[in-house]
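Text of upload25.txt, listed as compact mmCIF, C-alpha atoms and all ligand atoms:
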```txt
# COMPACT_ATOMS: atom_id res chain seq x y z
CA MET A 1 0.00 0.00 0.00
CA ARG A 2 2.85 2.37 0.77
CA LYS A 3 4.67 1.93 -2.51
CA PRO A 4 1.81 2.83 -4.91
CA ILE A 5 1.22 6.01 -2.90
CA ARG A 6 4.86 6.95 -3.17
CA VAL A 7 4.78 6.33 -6.93
CA LEU A 8 1.65 8.44 -7.22
CA ILE A 9 3.29 11.30 -5.34
CA ALA A 10 6.35 11.04 -7.58
CA LEU A 11 4.15 11.15 -10.68
CA LEU A 12 2.25 14.16 -9.38
CA ALA A 13 5.51 15.94 -8.62
CA LEU A 14 6.82 15.13 -12.09
CA SER A 15 3.65 16.23 -13.88
CA GLY A 16 3.71 19.45 -11.86
CA ARG A 17 7.28 20.07 -12.98
CA LEU A 18 6.44 19.32 -16.62
CA ALA A 19 3.43 21.63 -16.51
CA GLN A 20 5.59 24.39 -15.09
CA ALA A 21 8.21 23.86 -17.76
CA ALA A 22 5.59 23.81 -20.50
CA ASP A 23 4.00 27.08 -19.50
CA GLY A 24 7.29 28.60 -18.44
CA TYR A 25 8.23 29.62 -21.97
CA PRO A 26 6.43 30.04 -25.29
CA SER A 27 7.12 27.36 -27.89
CA VAL A 28 8.27 29.98 -30.44
CA LEU A 29 11.23 30.59 -28.15
CA GLY A 30 12.69 27.26 -29.22
CA LYS A 31 13.87 24.37 -27.07
CA PRO A 32 16.74 23.15 -24.94
CA GLY A 33 19.79 22.63 -27.13
CA ASP A 34 22.17 19.70 -27.43
CA PRO A 35 25.34 20.66 -25.52
CA ASP A 36 27.38 18.64 -28.05
CA LYS A 37 26.05 20.66 -31.01
CA VAL A 38 26.65 24.24 -29.99
CA ASP A 39 27.07 26.73 -32.85
CA ARG A 40 28.15 29.65 -30.75
CA ALA A 41 28.99 30.55 -27.16
CA ILE A 42 27.93 33.92 -25.82
CA GLU A 43 29.28 35.31 -22.56
CA ILE A 44 26.94 37.53 -20.61
CA GLY A 45 28.05 39.35 -17.50
CA VAL A 46 25.50 39.63 -14.70
CA GLY A 47 26.05 42.19 -12.00
CA ASP A 48 24.63 43.68 -8.85
CA ASP A 49 23.98 46.88 -10.81
CA MET A 50 21.00 44.89 -12.15
CA ARG A 51 22.40 44.86 -15.67
CA PHE A 52 23.30 42.19 -18.19
CA SER A 53 26.33 42.89 -20.33
CA PRO A 54 25.73 42.76 -23.22
CA ASP A 55 22.00 43.35 -22.90
CA GLU A 56 21.31 42.60 -26.54
CA VAL A 57 22.42 39.59 -28.57
CA ARG A 58 21.77 38.86 -32.23
CA ILE A 59 21.75 35.33 -33.54
CA LYS A 60 20.55 33.34 -36.55
CA ARG A 61 17.48 31.14 -36.52
CA GLY A 62 18.34 27.48 -36.05
CA GLN A 63 21.48 28.17 -34.06
CA THR A 64 22.21 26.46 -30.78
CA ILE A 65 23.70 28.92 -28.33
CA ARG A 66 25.64 28.25 -25.16
CA PHE A 67 24.95 31.19 -22.86
CA GLN A 68 27.64 31.57 -20.26
CA ALA A 69 26.35 33.88 -17.58
CA ILE A 70 29.20 35.18 -15.44
CA ASN A 71 28.11 36.49 -12.06
CA GLY A 72 30.63 39.09 -10.97
CA GLY A 73 28.46 40.34 -8.11
CA GLN A 74 27.77 39.50 -4.49
CA LEU A 75 24.14 38.51 -5.10
CA LYS A 76 22.51 35.50 -6.67
CA HIS A 77 21.15 36.19 -10.15
CA MET A 78 19.28 34.30 -12.85
CA LEU A 79 19.16 34.27 -16.61
CA VAL A 80 15.75 33.23 -17.90
CA LEU A 81 14.87 33.23 -21.60
CA GLY A 82 11.36 34.11 -22.69
CA ARG A 83 9.19 36.99 -23.68
CA LEU A 84 8.90 40.03 -21.51
CA ALA A 85 5.17 39.67 -20.73
CA GLU A 86 5.59 36.08 -19.49
CA LEU A 87 8.83 36.88 -17.69
CA LYS A 88 7.08 39.67 -15.81
CA GLN A 89 4.32 37.24 -14.80
CA GLN A 90 6.93 34.74 -13.56
CA ALA A 91 8.71 37.48 -11.64
CA ALA A 92 5.44 38.54 -10.02
CA ARG A 93 4.74 34.92 -9.05
CA MET A 94 8.19 34.62 -7.49
CA ARG A 95 7.67 37.83 -5.53
CA LYS A 96 4.40 36.43 -4.20
CA PHE A 97 5.85 33.02 -3.32
CA PRO A 98 9.52 33.71 -2.50
CA GLU A 99 10.09 30.11 -1.39
CA THR A 100 9.41 28.76 -4.89
CA GLN A 101 12.30 28.33 -7.27
CA TYR A 102 11.78 28.89 -10.95
CA ALA A 103 13.68 26.08 -12.61
CA GLY A 104 12.50 25.62 -16.18
CA PRO A 105 14.92 24.40 -18.86
CA ASN A 106 15.04 28.01 -20.14
CA ALA A 107 16.50 29.23 -16.86
CA VAL A 108 19.78 29.14 -15.01
CA SER A 109 20.58 30.43 -11.52
CA ILE A 110 24.04 31.80 -10.90
CA GLU A 111 25.56 32.08 -7.45
CA PRO A 112 27.98 34.96 -6.75
CA GLY A 113 31.32 34.45 -8.48
CA GLN A 114 30.02 31.51 -10.50
CA THR A 115 29.29 30.97 -14.17
CA GLY A 116 25.97 29.45 -15.19
CA GLU A 117 25.39 27.74 -18.52
CA LEU A 118 22.28 27.47 -20.61
CA VAL A 119 22.21 25.74 -24.00
CA TRP A 120 19.30 26.78 -26.15
CA ARG A 121 18.24 26.19 -29.75
CA PHE A 122 16.31 29.06 -31.34
CA THR A 123 13.89 27.58 -33.85
CA HIS A 124 11.97 30.74 -34.77
CA ALA A 125 12.93 34.22 -35.87
CA GLY A 126 11.72 37.07 -33.70
CA ASP A 127 12.45 39.33 -30.79
CA PHE A 128 12.78 37.60 -27.46
CA ASP A 129 13.90 38.62 -24.02
CA PHE A 130 15.88 37.43 -21.08
CA ALA A 131 15.60 38.55 -17.50
CA CYS A 132 16.70 37.91 -13.95
CA LEU A 133 13.76 36.61 -11.91
CA VAL A 134 15.31 37.07 -8.49
CA PRO A 135 12.63 39.16 -6.71
CA GLY A 136 13.06 42.85 -7.44
CA HIS A 137 15.71 42.47 -10.13
CA LEU A 138 13.50 42.60 -13.23
CA THR A 139 11.64 45.63 -11.91
CA ALA A 140 15.05 47.23 -11.36
CA GLY A 141 15.69 46.75 -15.09
CA MET A 142 17.59 43.47 -15.16
CA ARG A 143 16.71 42.29 -18.65
CA GLY A 144 17.99 42.02 -22.18
CA LYS A 145 17.00 41.16 -25.73
CA VAL A 146 17.67 38.22 -28.03
CA ILE A 147 17.05 39.10 -31.66
CA VAL A 148 16.77 36.00 -33.83
CA ARG A 149 17.17 36.72 -37.55
CA PRO A 150 15.57 34.46 -40.19
CU CU B 1 19.53 39.47 -10.69
```

How would this structure read if it were set down as structure tokens?
Amino acid sequence: MRKPIRVLIALLALSGRLAQAADGYPSVLGKPGDPDKVDRAIEIGVGDDMRFSPDEVRIKRGQTIRFQAINGGQLKHMLVLGRLAELKQQAARMRKFPETQYAGPNAVSIEPGQTGELVWRFTHAGDFDFACLVPGHLTAGMRGKVIVRP
């Protein structure tokens, strides 16, 4: 009797995680990339001045990018890919429930002094965004743009 319950709980936890990942980013954003098939690496500095550097990157559709987010600050930061409207919703949710961690495949958390990696394949052309979802950071302006050319 105990085991089926444990399996059920595990399944519920997994489906919850999948649901979060599925609504965490729009499908036009693309999908997690294969770390063995990276076309280009892009370094992005993240700092306690609430800025990404650079805060705009231009890439070609179909490319797999390895984002290397270098945290030179004293605070934890995040780099989350998406579109600004959804990112703002996620940030608001995280402000409301500070104990929850946003951990979709389109996100990486970077501890102070560390480098976080995110491999992403951009399947559609368009203007996308990235932001730090640590409470207060996006409202302080911590965001940038990814412009994907056809
Ligand atoms: Cu931040």

Centre, edges in Å (one decimal): axis-aligned box, stretch 23-34 of chain A, 6 Å padding on all six sides, as AutoDock Vina command-line options:
```
--center_x 13.1 --center_y 25.1 --center_z -24.4 --size_x 30.2 --size_y 22.9 --size_z 24.0
```

Please return as a ChimeraX atom specification the residues found within 6 Å of ligand CU 1 (chain B), counting only C-alpha atoms and all ligand atoms. /A:50,77-78,132,134,137

Keeping C-alpha atoms for every residue in the selection just given, could you write it to a file as a PDB file, in the frame of the given file?
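selection.pdb written:
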```pdb
ATOM      1  CA  MET A  50      21.000  44.890 -12.150  1.00  0.00           C
ATOM      2  CA  HIS A  77      21.150  36.190 -10.150  1.00  0.00           C
ATOM      3  CA  MET A  78      19.280  34.300 -12.850  1.00  0.00           C
ATOM      4  CA  CYS A 132      16.700  37.910 -13.950  1.00  0.00           C
ATOM      5  CA  VAL A 134      15.310  37.070  -8.490  1.00  0.00           C
ATOM      6  CA  HIS A 137      15.710  42.470 -10.130  1.00  0.00           C
TER       7      HIS A 137
END
```

Given the choices A:Gly73, A:Gly82, A:Pro135, A:Gly144, which gets closest to A:Ile110 if the distance is worked out from only C-alpha atoms?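 Checking each candidate against A:Ile110, we get A:Gly73 as the closest.
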
Residue contacts of stretch 51-60 of chain A (6 Å, only C-alpha atoms) excluding same-chain residues fewer than 5 positions away, as a JSON list (two decimals) with C-alpha atoms, in the frame of the given file:
```json
[["chain", "number", "residue", "atom", "x", "y", "z"],
["A", 44, "ILE", "CA", 26.94, 37.53, -20.61],
["A", 45, "GLY", "CA", 28.05, 39.35, -17.50],
["A", 46, "VAL", "CA", 25.50, 39.63, -14.70],
["A", 142, "MET", "CA", 17.59, 43.47, -15.16],
["A", 144, "GLY", "CA", 17.99, 42.02, -22.18],
["A", 145, "LYS", "CA", 17.00, 41.16, -25.73],
["A", 146, "VAL", "CA", 17.67, 38.22, -28.03],
["A", 147, "ILE", "CA", 17.05, 39.10, -31.66],
["A", 148, "VAL", "CA", 16.77, 36.00, -33.83],
["A", 149, "ARG", "CA", 17.17, 36.72, -37.55]]
```

Check the smallest atom-to-atom distance from each of A:Glu86, A:Glu99, A:Asp34, A:Asp129 to A:Thr64 using all atoms listed in the file, then report the winner.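 Using all atoms listed in the file, the shortest distance to A:Thr64 belongs to A:Asp34.
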
So, counting only C-alpha atoms, which residue among A:Ile70, A:Ala41, A:Met94, A:Ala131 is closest to A:Pro112?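 The closest residue to A:Pro112 is A:Ile70.
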
If you count only C-alpha atoms, which residues fall within 10 Å of A:Ala92, apart from same-chain ones fewer than 6 positions away, as a list in words? Glu86, Pro98, Leu133, Pro135, Gly136, Leu138 and Thr139 of chain A

For A:Thr115, list every protein, DNA or RNA residue within 9 Å, evaluated using all atoms listed in the file, and leave out those in the same chain fewer than 4 positions away; present the list as a list in words.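 In the requested format, the answer is Gln68, Ala69, Ile70, Asn71, Gly72, Ile110 and Glu111 of chain A.
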
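Note that the spacing between atom CA of A:Ala91 and atom CA of A:Gly116 amounts to 19.4 Å.
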
Do you know which residues lie at most 12 Å from (14.5, 19.4, -24.1), with coordinates as in the file and only C-alpha atoms counted, and could you write them as a VMD selection string? chain A and resid 18 21 to 22 27 30 to 35 104 to 106 118 to 121

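In this structure, atom CA of A:Lys88 sits 23.6 Å away from atom CA of A:Gln74.
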
What is the distance between atom CA of A:Glu43 and atom CA of A:Gln90, in Å to one decimal?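 Computed distance, atom CA of A:Glu43 to atom CA of A:Gln90, equals 24.1 Å.
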
From A:Arg93, A:Ala103, A:Ser109, A:Arg143, residue lying nearest A:Leu75 [all atoms listed in the file]: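 So, comparing all the options, the nearest one is A:Ser109.
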
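Of the listed residues (A:Phe122, A:Val108, A:Phe130, A:Lys96), A:Phe122 comes nearest to A:Arg40; the distances count all atoms listed in the file.
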
With all atoms listed in the file as the basis for distance, which of A:Gly47, A:Gln89, A:Arg95, A:Leu81 is at the shortest distance from A:Ile65?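 Closest residue, counting all atoms listed in the file: A:Leu81.
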